[in-house]
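To be precise, the following lines are upload39.txt, and they hold compact mmCIF, C-alpha atoms.
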```
# COMPACT_ATOMS: atom_id res chain seq x y z
CA MET A 1 109.85 113.80 79.67
CA GLN A 2 109.90 117.51 80.48
CA ALA A 3 107.21 119.72 82.01
CA SER A 4 107.05 122.74 84.28
CA HIS A 5 104.23 121.78 86.64
CA THR A 6 105.33 121.93 90.30
CA MET A 7 102.17 121.70 92.42
CA THR A 8 102.00 117.95 92.18
CA ASP A 9 100.69 115.18 94.41
CA LEU A 10 102.85 112.10 93.90
CA ILE A 11 101.04 108.87 94.80
CA GLY A 12 102.54 105.47 95.56
CA ASP A 13 101.70 101.92 94.46
CA ILE A 14 97.93 101.27 94.51
CA HIS A 15 97.69 97.56 93.58
CA GLY A 16 93.95 97.49 93.00
CA HIS A 17 92.88 99.35 96.16
CA ALA A 18 90.50 101.81 94.54
CA ASP A 19 88.63 102.61 97.77
CA ALA A 20 91.86 103.75 99.43
CA LEU A 21 92.76 105.73 96.30
CA GLU A 22 89.44 107.57 96.36
CA ARG A 23 89.81 108.35 100.07
CA LEU A 24 93.32 109.66 99.48
CA LEU A 25 92.28 111.81 96.52
CA GLN A 26 89.42 113.28 98.54
CA GLN A 27 91.76 113.96 101.46
CA LEU A 28 94.07 115.76 99.02
CA GLY A 29 91.18 117.96 97.87
CA TYR A 30 90.38 116.30 94.55
CA ILE A 31 86.71 116.46 93.54
CA LYS A 32 84.92 113.73 91.64
CA LYS A 33 83.66 114.93 88.27
CA GLY A 34 81.83 112.23 86.37
CA ASP A 35 84.15 109.23 86.22
CA SER A 36 87.27 111.21 87.12
CA TYR A 37 88.83 113.32 89.88
CA ALA A 38 90.19 116.82 89.52
CA HIS A 39 91.83 119.48 91.69
CA PRO A 40 91.43 123.20 90.91
CA GLU A 41 95.14 123.94 91.37
CA ARG A 42 97.09 120.68 91.45
CA MET A 43 97.72 117.54 89.47
CA ALA A 44 98.53 113.97 90.47
CA LEU A 45 101.47 111.81 89.46
CA PHE A 46 101.16 108.05 89.98
CA VAL A 47 104.43 106.12 90.22
CA GLY A 48 103.07 102.81 88.87
CA ASP A 49 101.75 99.40 90.00
CA TYR A 50 98.01 99.83 89.57
CA ILE A 51 97.23 96.13 89.08
CA ASP A 52 97.66 92.76 90.86
CA ARG A 53 97.04 91.79 94.49
CA GLY A 54 94.08 94.06 95.27
CA PRO A 55 90.29 93.58 95.02
CA GLN A 56 89.43 96.56 92.77
CA ILE A 57 91.84 96.43 89.86
CA ARG A 58 89.43 97.49 87.11
CA GLU A 59 88.14 100.35 89.28
CA THR A 60 91.69 101.51 90.01
CA LEU A 61 92.65 101.48 86.35
CA HIS A 62 89.48 103.37 85.44
CA ILE A 63 90.22 106.17 87.93
CA VAL A 64 93.87 106.53 86.95
CA LYS A 65 93.26 106.35 83.19
CA SER A 66 90.35 108.82 83.39
CA MET A 67 92.49 111.32 85.29
CA VAL A 68 95.28 110.98 82.72
CA GLU A 69 92.89 111.42 79.80
CA ASN A 70 91.34 114.50 81.43
CA GLY A 71 94.73 116.12 81.99
CA GLN A 72 94.54 115.75 85.76
CA ALA A 73 97.34 113.21 86.20
CA ILE A 74 100.47 111.59 84.85
CA ALA A 75 100.73 107.81 85.29
CA LEU A 76 104.12 106.09 85.11
CA MET A 77 104.66 102.45 84.30
CA GLY A 78 105.36 100.08 87.20
CA ASN A 79 106.96 96.66 87.06
CA HIS A 80 103.53 95.02 87.38
CA GLU A 81 102.23 96.76 84.25
CA TYR A 82 105.47 95.79 82.48
CA ASN A 83 105.11 92.20 83.72
CA ALA A 84 101.54 92.11 82.38
CA LEU A 85 102.79 93.15 78.95
CA CYS A 86 105.52 90.49 79.03
CA PHE A 87 102.95 87.92 80.20
CA HIS A 88 100.84 88.80 77.15
CA VAL A 89 103.43 89.33 74.37
CA HIS A 90 104.49 86.18 72.52
CA HIS A 91 108.11 85.04 72.50
CA PRO A 92 109.55 84.57 69.00
CA GLU A 93 110.57 81.02 69.94
CA GLY A 94 107.19 80.10 71.42
CA GLY A 95 105.32 80.82 74.62
CA HIS A 96 105.35 84.30 76.15
CA LEU A 97 108.07 86.72 77.21
CA ARG A 98 107.05 86.20 80.84
CA ALA A 99 106.64 82.46 81.22
CA HIS A 100 103.22 81.22 82.34
CA GLN A 101 104.74 79.47 85.37
CA ILE A 102 102.84 79.00 88.62
CA LYS A 103 104.76 81.81 90.39
CA ASN A 104 103.97 84.31 87.64
CA ILE A 105 100.34 83.23 87.31
CA VAL A 106 99.82 83.54 91.08
CA GLN A 107 101.28 87.06 91.10
CA HIS A 108 99.02 88.08 88.22
CA TYR A 109 95.96 86.08 89.24
CA GLN A 110 93.82 88.88 90.71
CA THR A 111 94.20 90.89 87.52
CA LEU A 112 93.27 87.97 85.28
CA GLU A 113 90.29 87.19 87.50
CA ALA A 114 89.15 90.84 87.48
CA PHE A 115 88.99 90.79 83.69
CA HIS A 116 87.46 87.33 83.34
CA GLY A 117 84.86 87.63 80.57
CA LYS A 118 86.20 91.10 79.67
CA GLN A 119 89.07 90.19 77.35
CA ARG A 120 88.65 93.20 75.04
CA GLU A 121 88.68 95.62 77.99
CA TYR A 122 91.84 93.96 79.34
CA GLU A 123 93.57 94.16 75.97
CA ASP A 124 92.65 97.84 75.71
CA TYR A 125 94.38 98.44 79.04
CA LEU A 126 97.44 96.50 77.86
CA GLU A 127 97.65 98.86 74.89
CA TRP A 128 97.31 101.79 77.30
CA PHE A 129 100.18 100.42 79.40
CA LYS A 130 102.45 100.84 76.37
CA THR A 131 101.75 104.59 76.44
CA LEU A 132 102.79 105.03 80.09
CA PRO A 133 106.03 107.00 80.57
CA LEU A 134 108.90 105.05 82.12
CA PHE A 135 110.03 108.10 84.13
CA TYR A 136 109.21 111.77 84.64
CA GLU A 137 111.41 114.82 85.08
CA ASN A 138 110.86 118.57 85.21
CA GLU A 139 113.03 121.41 86.45
CA GLN A 140 112.19 120.73 90.10
CA PHE A 141 111.89 116.96 90.64
CA ARG A 142 112.11 113.45 89.19
CA ALA A 143 109.87 110.40 89.50
CA VAL A 144 110.30 106.77 88.51
CA HIS A 145 108.85 103.45 89.63
CA ALA A 146 111.90 101.84 91.24
CA CYS A 147 115.34 103.28 90.37
CA TRP A 148 116.83 106.36 88.72
CA LEU A 149 120.24 105.89 87.13
CA ASP A 150 121.13 108.42 84.44
CA TYR A 151 122.55 105.91 81.96
CA ASN A 152 119.39 103.79 82.14
CA ILE A 153 117.19 106.85 81.70
CA GLY A 154 119.26 107.74 78.64
CA HIS A 155 118.47 104.36 77.04
CA LEU A 156 114.76 104.70 77.85
CA GLN A 157 114.34 108.34 76.80
CA PRO A 158 113.64 107.70 73.08
CA LEU A 159 110.83 105.20 73.70
CA SER A 160 109.26 106.28 76.99
CA GLY A 161 105.49 106.46 76.55
CA GLN A 162 105.49 104.87 73.10
CA LEU A 163 106.43 101.23 73.54
CA ASN A 164 105.68 98.58 70.96
CA ASP A 165 105.96 94.79 71.13
CA GLU A 166 109.43 94.82 69.61
CA HIS A 167 110.73 97.13 72.36
CA ILE A 168 109.24 94.76 74.92
CA ARG A 169 110.89 91.75 73.27
CA GLN A 170 114.24 93.56 73.24
CA SER A 171 113.85 94.41 76.93
CA VAL A 172 113.94 90.73 77.94
CA GLN A 173 117.04 89.88 75.86
CA LYS A 174 120.04 89.66 78.17
CA GLY A 175 122.84 91.65 76.60
CA HIS A 176 120.52 94.13 74.86
CA SER A 177 120.91 97.74 76.00
CA LEU A 178 117.25 97.82 77.02
CA TYR A 179 117.51 94.77 79.27
CA HIS A 180 119.23 96.42 82.24
CA ALA A 181 117.50 99.74 81.55
CA PHE A 182 114.04 98.20 81.99
CA ASP A 183 115.03 95.76 84.71
CA GLN A 184 116.77 98.27 86.96
CA THR A 185 114.44 101.22 86.32
CA LEU A 186 111.26 99.22 87.00
CA LYS A 187 112.56 96.66 89.53
CA GLY A 188 115.55 98.29 91.24
CA ILE A 189 119.11 97.08 91.76
CA GLU A 190 119.44 93.54 93.07
CA LEU A 191 122.53 91.98 94.63
CA SER A 192 123.24 88.25 94.67
CA LEU A 193 123.80 86.78 98.13
CA PRO A 194 126.93 84.76 98.98
CA ALA A 195 126.81 81.13 97.91
CA GLY A 196 124.52 78.99 100.06
CA MET A 197 122.46 81.93 101.38
CA SER A 198 118.78 82.58 100.66
CA TRP A 199 115.63 84.02 102.25
CA PHE A 200 111.86 83.85 101.67
CA ASP A 201 109.91 86.90 100.53
CA HIS A 202 106.33 87.90 101.44
CA GLU A 203 104.98 85.63 98.69
CA LYS A 204 106.93 82.63 100.09
CA ASN A 205 109.32 82.57 97.16
CA GLU A 206 112.90 81.57 97.98
CA ARG A 207 115.20 84.43 97.02
CA PHE A 208 118.93 84.35 96.41
CA ASP A 209 119.32 88.10 96.02
CA ILE A 210 118.27 91.29 97.82
CA ARG A 211 116.94 94.65 96.73
CA THR A 212 119.59 97.26 97.44
CA ARG A 213 119.44 100.81 98.74
CA TRP A 214 120.79 102.02 95.41
CA TRP A 215 120.38 105.67 96.41
CA ASP A 216 123.14 105.27 99.04
CA ASP A 217 126.86 105.13 98.36
CA PRO A 218 127.59 101.36 98.45
CA LYS A 219 131.20 101.71 99.62
CA ASN A 220 131.95 99.77 102.82
CA GLN A 221 128.32 98.69 103.26
CA THR A 222 127.40 95.31 104.72
CA TYR A 223 124.73 93.05 103.22
CA ARG A 224 122.44 94.00 106.09
CA GLN A 225 123.00 97.74 105.56
CA ILE A 226 122.59 97.70 101.80
CA SER A 227 119.32 95.72 101.83
CA VAL A 228 116.01 97.58 101.52
CA GLU A 229 114.22 94.81 103.45
CA GLU A 230 115.13 94.08 107.04
CA ILE A 231 116.23 90.44 106.78
CA PRO A 232 117.61 89.09 110.09
CA THR A 233 119.63 86.32 108.44
CA LEU A 234 121.76 88.65 106.28
CA PRO A 235 125.47 88.68 107.14
CA ASP A 236 127.25 91.70 108.59
CA SER A 237 130.16 91.15 106.22
CA THR A 238 131.09 93.97 103.83
CA VAL A 239 129.87 93.67 100.26
CA GLU A 240 132.73 93.22 97.82
CA PRO A 241 132.66 96.02 95.21
CA ASP A 242 133.12 93.52 92.38
CA SER A 243 129.86 91.79 93.31
CA LEU A 244 127.76 94.95 93.00
CA PRO A 245 125.70 95.29 89.80
CA THR A 246 126.48 99.02 89.85
CA THR A 247 128.42 101.41 92.08
CA ASN A 248 126.36 104.40 90.93
CA HIS A 249 124.08 106.01 93.50
CA TYR A 250 121.77 109.02 93.81
CA ALA A 251 123.89 111.92 95.06
CA GLN A 252 122.83 114.31 97.82
CA LYS A 253 123.08 117.26 95.40
CA GLU A 254 120.54 115.90 92.92
CA LYS A 255 116.98 117.25 92.62
CA PRO A 256 114.25 115.53 94.71
CA LEU A 257 113.37 112.04 93.51
CA PHE A 258 110.15 110.07 94.15
CA PHE A 259 109.56 106.36 93.57
CA GLY A 260 107.50 103.40 94.83
CA HIS A 261 108.08 99.62 94.60
CA TYR A 262 109.78 98.73 97.89
CA TRP A 263 107.01 97.63 100.32
CA LEU A 264 108.20 99.83 103.17
CA LYS A 265 106.57 99.36 106.57
CA GLY A 266 105.49 101.56 109.45
CA ASP A 267 104.65 105.25 109.45
CA PRO A 268 105.51 106.99 106.16
CA LYS A 269 108.62 109.16 106.17
CA ILE A 270 111.08 110.41 103.60
CA ILE A 271 114.40 108.59 103.21
CA ARG A 272 116.45 111.77 103.10
CA HIS A 273 116.12 115.39 101.97
CA ASN A 274 116.02 114.48 98.25
CA VAL A 275 114.82 110.84 98.23
CA CYS A 276 111.26 109.70 98.94
CA CYS A 277 109.76 106.22 98.56
CA LEU A 278 105.96 106.29 98.42
CA ASP A 279 105.23 102.56 98.65
CA PHE A 280 104.11 101.69 102.18
CA SER A 281 102.48 98.34 101.44
CA ILE A 282 98.80 99.15 100.92
CA ALA A 283 98.41 95.62 99.52
CA LYS A 284 99.68 94.12 102.79
CA GLY A 285 97.55 96.12 105.21
CA GLY A 286 99.81 99.17 105.07
CA LYS A 287 99.14 102.70 103.83
CA LEU A 288 98.53 104.42 100.51
CA VAL A 289 100.83 107.44 100.52
CA ALA A 290 101.12 110.75 98.68
CA TYR A 291 103.65 113.56 98.86
CA ARG A 292 102.34 117.10 98.26
CA TYR A 293 105.15 118.68 96.28
CA ASP A 294 105.29 122.46 95.82
CA GLY A 295 108.73 123.05 94.32
CA GLU A 296 110.85 122.70 97.46
CA GLY A 297 114.45 121.52 97.15
CA GLN A 298 114.40 119.94 100.62
CA LEU A 299 111.70 117.33 101.16
CA ASN A 300 109.75 117.41 104.41
CA ASN A 301 107.88 114.66 106.29
CA ALA A 302 105.07 117.12 106.97
CA LYS A 303 104.17 117.02 103.24
CA LEU A 304 103.30 113.30 103.34
CA VAL A 305 99.57 112.44 103.31
CA TYR A 306 98.23 108.90 103.68
CA VAL A 307 95.22 106.70 104.36
```

I need this file expressed as structure tokens, please.
Amino acid sequence: MQASHTMTDLIGDIHGHADALERLLQQLGYIKKGDSYAHPERMALFVGDYIDRGPQIRETLHIVKSMVENGQAIALMGNHEYNALCFHVHHPEGGHLRAHQIKNIVQHYQTLEAFHGKQREYEDYLEWFKTLPLFYENEQFRAVHACWLDYNIGHLQPLSGQLNDEHIRQSVQKGHSLYHAFDQTLKGIELSLPAGMSWFDHEKNERFDIRTRWWDDPKNQTYRQISVEEIPTLPDSTVEPDSLPTTNHYAQKEKPLFFGHYWLKGDPKIIRHNVCCLDFSIAKGGKLVAYRYDGEGQLNNAKLVYV
């Protein structure tokens, strides 16, 4: 997706926290006009994950969708919007693409509860999710929900912003070209732990893999170094190259890249001069974060704004 707009406020995962979103937009100088927000000189770009976990999911979707429809924002798809589509779309062999297991229902529960008695409204939003771009790029910067790898972006380019149910079915078929493209772009690069090792995530699910710092060169990295989360039980042994899902990484020479997804903690800061994660765990008592981008090639912590 190409455009030339540079004065952009990129905003991290919201997860149904509409009050925080409104405070952030106001702090950024956006003015409420009817049901939407607008800025006289800038536009917003949301990196995905509008639903689940938070108390104001319908309100969040209404703000984001209104801004998009009024030309004030671009909204990318996050893995939670994708999961909602998979939870809804039927599997050809019965059931749904995302199984209605307890773990999946619990993750999606706040969204289902928010739309209880409002089935048509929910289905309208599901149709809107299919129109959300899977990534964004212009001459100055890139944005994606979780991971930018050029070969995945190449697979997604023809259908970004115009998904149909068949695309979604193909995306869950292991071995299909869309499977890794969707999985890695929306959920990041995961690495299996050595046999016998596991850990428990913030939702108390036992995990046998870790989210990796895919933007770094993985050569000679230990499991502890390559993990996005700080997990005390990870070994300090070096990751064998053959066990890595990919050895590609985001080079220092590439244009600035923004993404969300990773539940970072503490005070917001950029990762490096051309890599910025905007997810600082608003749904776990953290912060809702924006980066005020004005065309610079070197990102700066001073451009981060948060509530």

Q | Nearby residues (only C-alpha atoms) at most 7 Å from Val228 in chain A, same-chain spacing under 4 positions excluded, as a list in words | A | Arg211, Thr212 and Arg213 of chain A

Can you write out as a tab-separated table which residues of range 227-275 of chain A fall within 12 Å of range 25-46 of chain A, alongside each residue's closest atom pair and its distance in Å to one decimal, counting all atoms listed in the file and ordering rows by chain and ascending residue number?
```
residue	atom	partner	partner_atom	distance
A:Phe258	CA	A:Leu45	CA	10.0
A:Phe259	CA	A:Phe46	CA	9.3
A:Gly260	CA	A:Phe46	CA	9.2
A:His261	CA	A:Phe46	CA	11.8
```

Q | For Asn205 in chain A, the nearest of the candidates A:Lys103, A:Lys187, A:Arg98, A:Lys284, counting all atoms listed in the file | A | A:Lys103

Q | Counting only C-alpha atoms, the residue of A:Ala195, A:Ala181, A:Leu234, A:Leu97 that sits nearest Glu166 in chain A | A | A:Leu97

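With all atoms listed in the file as the atoms that count, the residue of A:Trp214, A:Arg58, A:Phe200, A:Ile226 with the shortest distance to Lys118 in chain A is A:Arg58.
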
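You can rank A:Gln140, A:Gln72, A:Thr246, A:Gln221 by their closest distance to His180 in chain A using all atoms listed in the file, and at the top of that list sits A:Thr246.
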
So which residues touch Glu81 in chain A within 9 Å, counting all atoms listed in the file, skipping near sequence neighbours fewer than 5 positions away, as a PDB file with C-alpha atoms, keeping the file's coordinate frame?
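Everything below was put into selection00.pdb:
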```
ATOM      1  CA  GLY A  48     103.070 102.810  88.870  1.00  0.00           C
ATOM      2  CA  ASP A  49     101.750  99.400  90.000  1.00  0.00           C
ATOM      3  CA  TYR A  50      98.010  99.830  89.570  1.00  0.00           C
ATOM      4  CA  ILE A  51      97.230  96.130  89.080  1.00  0.00           C
ATOM      5  CA  ASP A  52      97.660  92.760  90.860  1.00  0.00           C
ATOM      6  CA  CYS A  86     105.520  90.490  79.030  1.00  0.00           C
ATOM      7  CA  LEU A 126      97.440  96.500  77.860  1.00  0.00           C
ATOM      8  CA  PHE A 129     100.180 100.420  79.400  1.00  0.00           C
ATOM      9  CA  LYS A 130     102.450 100.840  76.370  1.00  0.00           C
TER      10      LYS A 130
END
```

**Q.** Long-range neighbours of Gly285 in chain A as number ranges by chain, 12 Å cut-off, all atoms listed in the file, 5 positions minimum in chain
**A.** A: 14-15, 17, 20, 53-54, 263-266, 279-280, 307

Q | Selection: 10 Å around Asn164 in chain A, only C-alpha atoms, excl. self and same-chain fewer than 4 positions, as number ranges by chain | A | A: 127, 130-131, 159, 168-169

Q. CA of Leu134 in chain A and CA of Leu156 in chain A, how far apart in Å?
A. 7.3 Å

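CA of Arg142 in chain A is positioned 4.7 Å from CA of Leu257 in chain A.
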
Taking all listed atoms of range 103-110 of chain A, build the axis-aligned box, pad each of the six sides by 5 Å, then write its centre and edge lengths in Å to one decimal as lines of an AutoDock Vina configuration file.
```
center_x = 99.3
center_y = 85.3
center_z = 89.2
size_x = 20.9
size_y = 17.1
size_z = 13.8
```
